[in-house]
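Structure file protein-v2.csv; described as CSV, C-alpha atoms.
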```csv
chain,number,residue,atom,x,y,z
N,264,MET,CA,0.5,-26.1,-44.5
N,265,ASN,CA,0.4,-29.8,-45.4
N,266,THR,CA,-2.9,-30.6,-47.0
N,267,ALA,CA,-2.1,-33.6,-49.2
N,268,GLU,CA,-3.7,-36.8,-47.9
N,269,ASN,CA,-0.5,-38.8,-48.5
N,270,SER,CA,2.0,-36.4,-46.9
N,271,HIS,CA,2.7,-36.8,-43.2
N,272,LEU,CA,1.8,-34.2,-40.6
N,273,ASN,CA,4.6,-31.8,-39.7
N,274,ALA,CA,5.6,-31.0,-36.1
N,275,GLU,CA,3.2,-28.1,-35.8
N,276,GLU,CA,0.3,-30.2,-37.0
N,277,ILE,CA,1.3,-33.0,-34.6
N,278,ILE,CA,1.0,-30.5,-31.8
N,279,ARG,CA,-2.3,-29.2,-33.0
N,280,ALA,CA,-3.6,-32.8,-33.2
N,281,VAL,CA,-2.5,-33.3,-29.5
N,282,VAL,CA,-4.3,-30.2,-28.4
N,283,ASP,CA,-7.4,-30.7,-30.4
N,284,ALA,CA,-7.6,-33.1,-33.4
N,285,ALA,CA,-10.8,-31.4,-34.5
N,286,ASP,CA,-8.7,-28.4,-35.4
N,287,LEU,CA,-7.0,-30.3,-38.2
N,288,GLU,CA,-8.3,-30.0,-41.7
N,289,GLY,CA,-10.4,-32.7,-43.2
N,290,SER,CA,-7.6,-34.0,-45.4
N,291,GLN,CA,-5.2,-34.1,-42.5
N,292,ARG,CA,-7.7,-36.1,-40.3
N,293,GLN,CA,-8.2,-38.4,-43.2
N,294,HIS,CA,-4.4,-38.9,-43.5
N,295,LEU,CA,-4.1,-39.5,-39.8
N,296,ALA,CA,-6.8,-42.2,-39.9
N,297,GLY,CA,-4.7,-44.2,-42.3
N,298,CYS,CA,-1.1,-43.3,-41.2
N,299,SER,CA,0.3,-45.3,-38.4
N,300,ARG,CA,3.5,-43.3,-38.4
N,301,CYS,CA,1.8,-40.0,-37.7
N,302,ARG,CA,-0.5,-41.6,-35.1
N,303,ALA,CA,2.6,-43.0,-33.4
N,304,GLN,CA,4.1,-39.5,-33.1
N,305,ILE,CA,0.9,-38.2,-31.6
N,306,GLU,CA,0.7,-41.1,-29.2
N,307,ALA,CA,4.4,-40.6,-28.2
N,308,LEU,CA,3.8,-37.0,-27.3
N,309,THR,CA,0.5,-37.7,-25.4
N,310,GLY,CA,2.2,-40.7,-23.7
N,311,ASP,CA,5.0,-38.4,-22.4
N,312,LEU,CA,2.4,-35.9,-21.2
N,313,ASP,CA,0.5,-38.7,-19.4
N,314,LYS,CA,3.7,-40.0,-17.8
N,315,MET,CA,4.5,-36.5,-16.6
N,316,ALA,CA,1.1,-36.2,-15.0
N,317,GLN,CA,1.4,-39.7,-13.4
N,318,ILE,CA,4.8,-38.9,-11.8
N,319,ALA,CA,3.5,-35.5,-10.6
N,320,GLU,CA,0.4,-37.1,-9.1
N,321,ALA,CA,2.5,-39.9,-7.5
N,322,SER,CA,4.7,-37.3,-5.8
N,323,SER,CA,1.9,-35.2,-4.5
N,324,PRO,CA,0.4,-35.5,-1.0
N,325,LYS,CA,-2.9,-37.0,0.0
N,326,VAL,CA,-5.6,-35.1,1.8
N,327,ALA,CA,-4.7,-34.9,5.5
N,328,ARG,CA,-7.5,-32.6,6.6
N,329,ALA,CA,-10.8,-33.0,4.9
N,330,PHE,CA,-12.6,-29.6,4.7
N,331,ARG,CA,-16.0,-29.5,6.4
N,332,ALA,CA,-18.6,-26.8,5.8
N,333,PRO,CA,-18.9,-24.7,9.0
N,334,ALA,CA,-22.0,-25.1,11.1
N,335,ALA,CA,-24.9,-22.7,10.5
N,336,ASP,CA,-24.1,-20.5,13.5
N,337,ALA,CA,-20.5,-20.1,12.2
N,338,GLU,CA,-21.7,-19.2,8.7
N,339,PRO,CA,-20.9,-15.6,7.7
N,340,ARG,CA,-23.8,-13.2,7.9
N,341,ALA,CA,-25.6,-13.0,4.6
N,342,TRP,CA,-25.1,-9.8,2.7
N,343,LEU,CA,-28.0,-7.3,2.6
N,344,PRO,CA,-29.5,-6.7,-0.9
N,345,PHE,CA,-27.7,-4.0,-2.9
N,346,GLY,CA,-30.5,-1.4,-2.5
N,347,ARG,CA,-30.5,-1.7,1.3
N,348,ARG,CA,-26.7,-1.6,1.4
N,349,LEU,CA,-26.7,1.6,-0.6
N,350,ALA,CA,-29.4,3.1,1.6
N,351,THR,CA,-27.5,2.2,4.7
N,352,ALA,CA,-24.3,3.6,3.3
N,353,LEU,CA,-26.1,6.9,2.4
N,354,ALA,CA,-27.7,7.2,5.8
N,355,VAL,CA,-24.3,6.7,7.5
N,356,ALA,CA,-22.6,9.2,5.2
N,357,LEU,CA,-25.4,11.8,5.8
N,358,THR,CA,-25.2,11.3,9.6
N,359,CYS,CA,-21.4,11.8,9.4
N,360,ILE,CA,-21.9,15.0,7.5
N,361,ILE,CA,-24.5,16.4,9.9
N,362,VAL,CA,-22.5,15.5,13.0
N,363,GLY,CA,-19.3,16.8,11.5
N,364,GLY,CA,-21.1,20.1,10.5
N,365,LEU,CA,-22.5,20.6,14.0
N,366,LEU,CA,-19.1,19.9,15.6
N,367,LEU,CA,-17.4,22.4,13.2
N,368,GLN,CA,-20.0,25.0,13.8
N,369,ASN,CA,-19.7,24.6,17.6
N,370,HIS,CA,-15.9,24.8,17.3
N,371,LEU,CA,-16.1,28.0,15.2
N,372,SER,CA,-18.7,29.6,17.6
N,373,ASN,CA,-16.4,28.9,20.6
N,374,ARG,CA,-13.5,30.4,18.8
N,375,SER,CA,-15.4,33.7,18.0
N,376,GLN,CA,-16.7,34.0,21.6
N,377,ARG,CA,-13.2,33.4,23.0
N,378,PHE,CA,-11.8,36.0,20.7
N,379,ALA,CA,-14.4,38.7,21.7
N,380,ARG,CA,-13.7,38.0,25.4
N,381,GLU,CA,-9.9,38.3,24.9
N,382,MET,CA,-10.4,41.6,23.0
N,383,HIS,CA,-12.5,43.0,25.8
N,384,GLU,CA,-9.9,42.0,28.4
N,385,ALA,CA,-7.2,43.6,26.3
N,386,GLU,CA,-9.2,46.8,26.0
N,387,GLN,CA,-9.7,46.9,29.8
N,388,LEU,CA,-6.0,46.3,30.4
N,389,MET,CA,-5.0,49.2,28.0
N,390,ARG,CA,-7.5,51.5,29.8
N,391,GLN,CA,-5.8,50.7,33.1
N,392,VAL,CA,-2.4,51.2,31.7
N,393,ASN,CA,-3.4,54.6,30.2
N,394,GLN,CA,-4.9,55.7,33.6
N,395,LEU,CA,-1.7,54.7,35.4
N,396,VAL,CA,0.4,56.7,32.8
N,397,GLU,CA,-1.7,59.8,33.4
N,398,ASN,CA,-2.2,59.4,37.2
N,399,PRO,CA,0.3,57.0,38.7
N,400,LEU,CA,-1.0,57.6,42.3
N,401,PRO,CA,-4.4,56.4,43.4
N,402,GLN,CA,-7.2,59.0,43.7
N,403,THR,CA,-7.3,58.8,47.5
N,404,ILE,CA,-3.7,59.8,47.7
N,405,MET,CA,-4.3,62.6,45.3
N,406,ASN,CA,-7.2,63.9,47.4
N,407,ILE,CA,-4.9,64.1,50.5
N,408,GLY,CA,-2.5,66.3,48.6
N,409,ALA,CA,-2.9,70.0,49.0
N,410,GLU,CA,-2.5,70.8,45.5
N,411,SER,CA,-6.2,71.2,45.0
N,412,VAL,CA,-6.4,73.6,47.8
N,413,ALA,CA,-3.3,75.5,47.0
N,414,GLU,CA,-3.9,75.7,43.3
N,415,ASN,CA,-3.6,79.2,42.0
N,416,ASP,CA,-3.8,80.5,45.6
N,417,GLU,CA,-1.4,83.4,45.6
N,418,ASP,CA,-1.7,83.7,49.3
N,419,PHE,CA,-0.6,80.1,50.0
N,420,PHE,CA,2.5,80.5,47.8
N,421,ARG,CA,3.3,83.7,49.6
N,422,PHE,CA,3.0,81.8,52.8
N,423,LEU,CA,5.5,79.2,51.6
N,424,ILE,CA,7.9,81.8,50.1
N,425,PRO,CA,7.3,85.1,52.0
N,426,ASP,CA,8.0,88.3,50.2
N,427,GLU,CA,8.6,91.6,51.7
N,428,ASN,CA,4.8,91.7,52.8
N,429,GLY,CA,5.0,88.2,54.2
N,430,ASP,CA,3.3,88.9,57.5
N,431,ALA,CA,0.2,90.2,55.9
N,432,ALA,CA,0.0,87.1,53.7
N,433,ILE,CA,0.3,84.8,56.8
N,434,SER,CA,-2.4,86.5,58.6
N,435,ARG,CA,-4.7,86.1,55.5
N,436,ILE,CA,-3.9,82.4,55.5
N,437,TRP,CA,-4.8,82.1,59.1
N,438,LYS,CA,-8.0,83.9,58.4
N,439,LYS,CA,-9.0,81.5,55.7
N,440,GLY,CA,-8.6,78.7,58.2
N,441,LEU,CA,-6.3,76.6,56.0
N,442,LEU,CA,-3.7,76.0,58.6
N,443,THR,CA,-5.9,74.9,61.5
Y,1386,MET,CA,-3.1,-42.6,-12.1
Y,1387,THR,CA,-5.5,-42.5,-9.2
Y,1388,ARG,CA,-8.9,-40.9,-9.8
Y,1389,GLU,CA,-11.4,-39.5,-7.4
Y,1390,PRO,CA,-14.7,-41.4,-7.0
Y,1391,ASN,CA,-16.6,-40.7,-10.1
Y,1392,SER,CA,-19.9,-38.9,-10.1
Y,1393,SER,CA,-22.0,-38.5,-13.2
Y,1394,PRO,CA,-22.4,-34.9,-14.4
Y,1395,ASP,CA,-26.1,-35.1,-13.4
Y,1396,GLN,CA,-25.2,-36.2,-9.9
Y,1397,LEU,CA,-22.7,-33.4,-9.5
Y,1398,THR,CA,-25.1,-30.8,-10.8
Y,1399,GLY,CA,-27.7,-32.1,-8.3
Y,1400,LEU,CA,-25.2,-31.8,-5.4
Y,1401,VAL,CA,-24.2,-28.3,-6.5
Y,1402,GLU,CA,-27.8,-27.2,-6.6
Y,1403,LYS,CA,-28.4,-28.6,-3.2
Y,1404,ALA,CA,-25.3,-27.0,-1.8
Y,1405,ARG,CA,-26.4,-23.7,-3.4
Y,1406,SER,CA,-29.6,-23.9,-1.4
Y,1407,GLY,CA,-27.6,-24.3,1.8
Y,1408,ASP,CA,-27.3,-28.1,2.1
Y,1409,ARG,CA,-24.0,-28.6,4.0
Y,1410,VAL,CA,-24.1,-32.3,3.5
Y,1411,ALA,CA,-24.2,-31.9,-0.3
Y,1412,PHE,CA,-21.3,-29.4,-0.1
Y,1413,ASN,CA,-19.3,-31.8,2.0
Y,1414,ARG,CA,-19.8,-34.5,-0.7
Y,1415,LEU,CA,-18.5,-32.1,-3.3
Y,1416,VAL,CA,-15.5,-31.5,-1.1
Y,1417,ASP,CA,-14.9,-35.3,-0.9
Y,1418,ARG,CA,-15.0,-35.4,-4.7
Y,1419,PHE,CA,-12.8,-32.4,-5.4
Y,1420,GLN,CA,-10.5,-31.8,-2.5
Y,1421,PRO,CA,-7.8,-34.3,-3.6
Y,1422,GLU,CA,-7.4,-32.7,-7.1
Y,1423,ILE,CA,-7.6,-29.2,-5.8
Y,1424,LEU,CA,-4.9,-30.1,-3.2
Y,1425,ARG,CA,-2.7,-31.5,-6.0
Y,1426,MET,CA,-3.3,-28.5,-8.2
Y,1427,ILE,CA,-2.2,-26.2,-5.5
Y,1428,TYR,CA,0.7,-28.4,-4.4
Y,1429,TYR,CA,2.1,-28.3,-8.0
Y,1430,ARG,CA,2.2,-24.5,-7.8
Y,1431,VAL,CA,3.1,-23.9,-4.1
Y,1432,ARG,CA,6.2,-25.1,-2.5
Y,1433,PRO,CA,5.5,-26.4,1.0
Y,1434,GLN,CA,2.8,-29.1,1.6
Y,1435,ALA,CA,1.5,-27.3,4.7
Y,1436,GLU,CA,0.9,-24.2,2.7
Y,1437,ALA,CA,-0.8,-26.2,0.0
Y,1438,GLU,CA,-3.1,-27.7,2.6
Y,1439,ASP,CA,-3.9,-24.3,4.1
Y,1440,LEU,CA,-4.7,-22.8,0.7
Y,1441,THR,CA,-6.9,-25.8,-0.1
Y,1442,GLN,CA,-8.9,-25.1,3.0
Y,1443,ASP,CA,-9.2,-21.5,2.1
Y,1444,VAL,CA,-10.4,-22.4,-1.4
Y,1445,PHE,CA,-13.2,-24.6,-0.1
Y,1446,LEU,CA,-14.2,-22.0,2.6
Y,1447,LYS,CA,-14.4,-19.4,-0.1
Y,1448,ALA,CA,-16.4,-21.7,-2.3
Y,1449,TYR,CA,-18.8,-22.5,0.5
Y,1450,ARG,CA,-19.4,-18.9,1.3
Y,1451,ASN,CA,-19.9,-18.0,-2.4
Y,1452,ILE,CA,-21.6,-21.0,-3.9
Y,1453,LYS,CA,-25.0,-19.2,-3.9
Y,1454,GLY,CA,-23.5,-16.8,-6.4
Y,1455,LEU,CA,-22.6,-19.6,-8.8
Y,1456,ARG,CA,-25.1,-19.3,-11.7
Y,1457,GLU,CA,-24.5,-22.4,-13.7
Y,1458,ALA,CA,-24.3,-25.6,-11.5
Y,1459,ASN,CA,-22.7,-27.5,-14.3
Y,1460,ARG,CA,-19.6,-25.2,-14.3
Y,1461,PHE,CA,-18.8,-25.9,-10.7
Y,1462,ARG,CA,-15.4,-27.5,-11.5
Y,1463,SER,CA,-14.2,-24.5,-13.6
Y,1464,TRP,CA,-15.5,-22.2,-10.9
Y,1465,LEU,CA,-13.7,-24.1,-8.1
Y,1466,TYR,CA,-10.4,-24.1,-10.2
Y,1467,ARG,CA,-10.8,-20.4,-10.8
Y,1468,ILE,CA,-11.0,-19.8,-7.0
Y,1469,ALA,CA,-7.9,-22.0,-6.6
Y,1470,VAL,CA,-5.9,-20.2,-9.4
Y,1471,ASN,CA,-6.7,-16.8,-7.9
Y,1472,ARG,CA,-5.8,-18.0,-4.4
Y,1473,VAL,CA,-2.4,-19.3,-5.7
Y,1474,ARG,CA,-1.7,-16.1,-7.5
Y,1475,ASP,CA,-2.5,-14.2,-4.4
Y,1476,PHE,CA,-0.2,-16.4,-2.4
Y,1477,HIS,CA,2.7,-15.8,-4.9
Y,1478,ARG,CA,2.1,-12.1,-4.9
Y,1479,ARG,CA,2.5,-12.1,-1.1
Y,1480,GLN,CA,5.6,-14.3,-1.3
Y,1481,ARG,CA,7.1,-11.9,-3.8
Y,1482,LEU,CA,6.3,-9.0,-1.6
Y,1483,ARG,CA,7.8,-10.8,1.4
Y,1484,ALA,CA,10.9,-11.7,-0.6
Y,1485,ILE,CA,11.4,-8.0,-1.5
Y,1486,PHE,CA,11.3,-6.9,2.1
Y,1487,SER,CA,13.2,-9.9,3.5
Y,1488,SER,CA,15.7,-9.8,0.6
Y,1489,ASP,CA,15.5,-13.6,0.5
Y,1490,ALA,CA,18.0,-14.6,-2.2
Y,1491,GLU,CA,16.8,-18.2,-2.0
Y,1492,PHE,CA,13.3,-17.2,-3.3
Y,1493,ASP,CA,12.5,-19.3,-6.4
Y,1494,GLU,CA,10.0,-18.0,-8.9
Y,1495,THR,CA,9.0,-21.5,-10.1
Y,1496,HIS,CA,7.4,-22.5,-6.8
Y,1497,LEU,CA,7.7,-26.2,-7.6
Y,1498,PRO,CA,6.8,-28.8,-5.0
Y,1499,GLU,CA,9.5,-29.8,-2.5
Y,1500,LYS,CA,11.9,-32.4,-3.7
Y,1501,LYS,CA,12.0,-34.1,-0.3
Y,1502,ASP,CA,9.3,-36.5,0.8
Y,1503,ASP,CA,6.6,-34.9,2.7
Y,1504,GLY,CA,4.1,-37.5,3.7
Y,1505,VAL,CA,3.8,-38.9,0.2
Y,1506,ASP,CA,3.7,-42.7,-0.2
Y,1507,ALA,CA,7.4,-43.6,-0.1
Y,1508,GLY,CA,6.9,-46.7,-2.2
Y,1509,ALA,CA,5.2,-44.9,-5.0
Y,1510,LEU,CA,8.2,-43.2,-6.5
Y,1511,SER,CA,11.8,-43.1,-5.5
Y,1512,GLU,CA,13.1,-39.9,-4.1
Y,1513,VAL,CA,15.8,-39.7,-6.7
Y,1514,ILE,CA,13.3,-39.9,-9.6
Y,1515,LYS,CA,11.1,-37.4,-7.9
Y,1516,ALA,CA,13.9,-34.9,-7.4
Y,1517,GLU,CA,15.1,-35.3,-10.9
Y,1518,PHE,CA,11.6,-35.1,-12.3
Y,1519,TRP,CA,10.7,-31.8,-10.5
Y,1520,GLU,CA,14.1,-30.4,-11.5
Y,1521,GLN,CA,13.4,-31.1,-15.2
Y,1522,ILE,CA,9.8,-29.8,-14.9
Y,1523,GLY,CA,11.2,-26.7,-13.3
Y,1524,LEU,CA,13.6,-26.1,-16.2
Y,1525,ILE,CA,10.8,-26.5,-18.8
Y,1526,LEU,CA,8.4,-24.3,-16.9
Y,1527,LYS,CA,11.0,-21.6,-16.7
Y,1528,LYS,CA,11.0,-21.4,-20.5
Y,1529,LEU,CA,7.3,-20.8,-20.6
Y,1530,SER,CA,5.6,-17.5,-20.2
Y,1531,SER,CA,3.3,-17.2,-17.2
Y,1532,MET,CA,0.2,-17.8,-19.4
Y,1533,GLU,CA,1.7,-20.7,-21.2
Y,1534,LYS,CA,2.7,-22.2,-17.9
Y,1535,GLU,CA,-0.7,-21.9,-16.4
Y,1536,VAL,CA,-2.5,-23.2,-19.5
Y,1537,PHE,CA,0.0,-26.1,-19.8
Y,1538,MET,CA,-0.4,-27.1,-16.1
Y,1539,LEU,CA,-4.2,-26.9,-16.2
Y,1540,ARG,CA,-4.3,-29.0,-19.3
Y,1541,PHE,CA,-1.7,-31.7,-18.7
Y,1542,PHE,CA,-1.2,-31.7,-14.9
Y,1543,ASP,CA,-4.8,-31.0,-13.8
Y,1544,HIS,CA,-6.6,-32.6,-16.7
Y,1545,LEU,CA,-9.0,-29.7,-17.5
Y,1546,ASN,CA,-10.3,-29.6,-21.0
Y,1547,ILE,CA,-9.9,-26.5,-23.2
Y,1548,HIS,CA,-13.4,-25.3,-22.5
Y,1549,GLU,CA,-12.9,-25.6,-18.7
Y,1550,ILE,CA,-9.5,-23.8,-18.9
Y,1551,ALA,CA,-11.1,-21.0,-20.9
Y,1552,GLY,CA,-13.7,-20.7,-18.1
Y,1553,VAL,CA,-11.0,-20.7,-15.4
Y,1554,LEU,CA,-8.8,-18.1,-17.0
Y,1555,LYS,CA,-11.6,-16.1,-18.6
Y,1556,LYS,CA,-10.0,-16.3,-22.1
Y,1557,SER,CA,-11.3,-17.5,-25.4
Y,1558,GLU,CA,-10.7,-21.1,-26.4
Y,1559,SER,CA,-8.6,-20.1,-29.4
Y,1560,THR,CA,-6.4,-18.1,-27.0
Y,1561,ILE,CA,-6.0,-21.1,-24.8
Y,1562,LYS,CA,-5.1,-23.3,-27.7
Y,1563,THR,CA,-2.5,-20.8,-29.0
Y,1564,HIS,CA,-0.7,-20.8,-25.6
Y,1565,LEU,CA,-0.9,-24.6,-25.6
Y,1566,TYR,CA,0.7,-24.9,-29.0
Y,1567,ARG,CA,3.6,-22.7,-27.9
Y,1568,ALA,CA,4.0,-24.5,-24.6
Y,1569,LEU,CA,3.9,-28.0,-26.2
Y,1570,ALA,CA,6.5,-27.0,-28.8
Y,1571,LYS,CA,8.9,-26.1,-26.0
Y,1572,PHE,CA,8.0,-29.2,-24.1
Y,1573,LYS,CA,8.6,-31.4,-27.1
Y,1574,SER,CA,12.1,-30.0,-27.6
Y,1575,GLU,CA,13.1,-31.1,-24.0
Y,1576,ASP,CA,14.8,-34.4,-24.8
Y,1577,LYS,CA,16.2,-34.9,-21.3
Y,1578,LEU,CA,12.8,-35.0,-19.7
Y,1579,ARG,CA,11.4,-37.3,-22.4
Y,1580,ARG,CA,14.3,-39.7,-22.0
Y,1581,MET,CA,13.6,-39.7,-18.3
Y,1582,PHE,CA,10.0,-40.8,-19.1
Y,1583,GLN,CA,11.3,-43.7,-21.2
Y,1584,GLU,CA,13.5,-44.8,-18.3
Y,1585,VAL,CA,10.7,-44.6,-15.8
Y,1586,ALA,CA,8.5,-46.6,-18.1
```

For this file, produce the structure as structure tokens.
Amino acid sequence: MNTAENSHLNAEEIIRAVVDAADLEGSQRQHLAGCSRCRAQIEALTGDLDKMAQIAEASSPKVARAFRAPAADAEPRAWLPFGRRLATALAVALTCIIVGGLLLQNHLSNRSQRFAREMHEAEQLMRQVNQLVENPLPQTIMNIGAESVAENDEDFFRFLIPDENGDAAISRIWKKGLLT
Amino acid sequence: MTREPNSSPDQLTGLVEKARSGDRVAFNRLVDRFQPEILRMIYYRVRPQAEAEDLTQDVFLKAYRNIKGLREANRFRSWLYRIAVNRVRDFHRRQRLRAIFSSDAEFDETHLPEKKDDGVDAGALSEVIKAEFWEQIGLILKKLSSMEKEVFMLRFFDHLNIHEIAGVLKKSESTIKTHLYRALAKFKSEDKLRRMFQEVA
């Protein structure tokens, strides 16, 4: 670093002087005060920067639409204080949890009721199927059948298939009154 | 160089305090004072003038809505520039995103103002000089990092002091100066632009 009062500022120090002359060391500031050459370098650089800003400004547009603060009724609603915002958010969250819980509970309850009903219907159906497998004809038809009357009735069978004593068997059937 | 109507720091602080308490007239006076420089600041960074005007409106609307949250009235200018810088960054982010999805090969990262005249005083500067100027500025800015570019523009285009820039970018003053040293060293090495300044002069 250049610290001697009589030596000129280098390029880095010229830049530092342009950014903030207060950042130069005391001896450098002292040199700058008496050195027209170093001051000219600084002025040349600051002059270029000023010209750059002037040209940029000259080529920029002017305000076409002045902003105007919106009327009171168009102003955004003021925010609630943090505490009230937090309380409101908690209340909303709690309500959501309760409503959600109730809906879920209702949903589960409906499902279990529907399941029990379906199980009951299935059992009834299986019972009917089993009955049909065991007794394919309705009970009224079964009652008409003679099987119950003729069951184990030796006389009736002999009536249907007479043996050598068939006549006696037929007379016994007549006597029982089964062939009225 | 044109300058906006001057207000003393005390007057400005008084206006900011009134605006903070909901005085629309005071806020509109602040707008009259700062809108031209905010529009320029945005125009330097955003290509079309219409976009710059829309963004400027957004900046002041946001400032109006949030001015009650400004703690130090004497830092209004830094605060306003901070809103503008953030709005411009947001705009560029969206542009980049749009460029990705539209595969726009013409998208230019520098976002320098248009070279064509767009309502600017035609007599102020010839179109040729303007076009040449922005081309050269674009070449210089491309050599700077994003932070060097922002600091350089805020200091030498927008005329903010080091303290104000530190407030806008939320960095220490020594960091701002370091970026300025680097940016100025690169600027100083651009002979073509400096020769152009001599010719304009």

Which one of N:Leu295, N:Gln304, N:Ala316, N:Asn273 sits closest to chain Y if you count all atoms listed in the file?
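Between N:Leu295, N:Gln304, N:Ala316, N:Asn273, the residue approaching chain Y most closely is N:Ala316.
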
Contact residues around stretch 1542-1557 of chain Y with all atoms listed in the file at 10 Å, ignoring same-chain residues under 6 positions, as a PyMOL selection string
(chain N and resi 282-283+312-313+315-320) or (chain Y and resi 1422-1423+1425-1427+1429+1460-1471+1532+1535-1536+1565)

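Closest approach to N:Lys325 from the set Y:Leu1424, Y:Gly1399, Y:Arg1478, Y:Asn1413 is made by Y:Leu1424, with distances taken over all atoms listed in the file.
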
Just how far from atom CA of Y:Lys1577 is atom CA of Y:Leu1526, in Å to one decimal?
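Separation of atom CA of Y:Leu1526 and atom CA of Y:Lys1577: 13.9 Å.
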
Kindly determine which residues of chain N lie within 10 Å of chain Y, considering all atoms listed in the file, and give the answer as a count of residues only.
44

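Atom CA of N:Phe378 lies 28.4 Å from atom CA of N:Cys359.
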
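For the residues Y:Leu1482, Y:Leu1529, Y:Val1431, Y:Val1401, ranking by smallest atom-to-atom distance to Y:Arg1456 using all atoms listed in the file places Y:Val1401 first.
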
Kindly give the distance, in Å, that separates atom CA of N:Leu272 and atom CA of Y:Glu1584, rounded to a single decimal.
27.3 Å
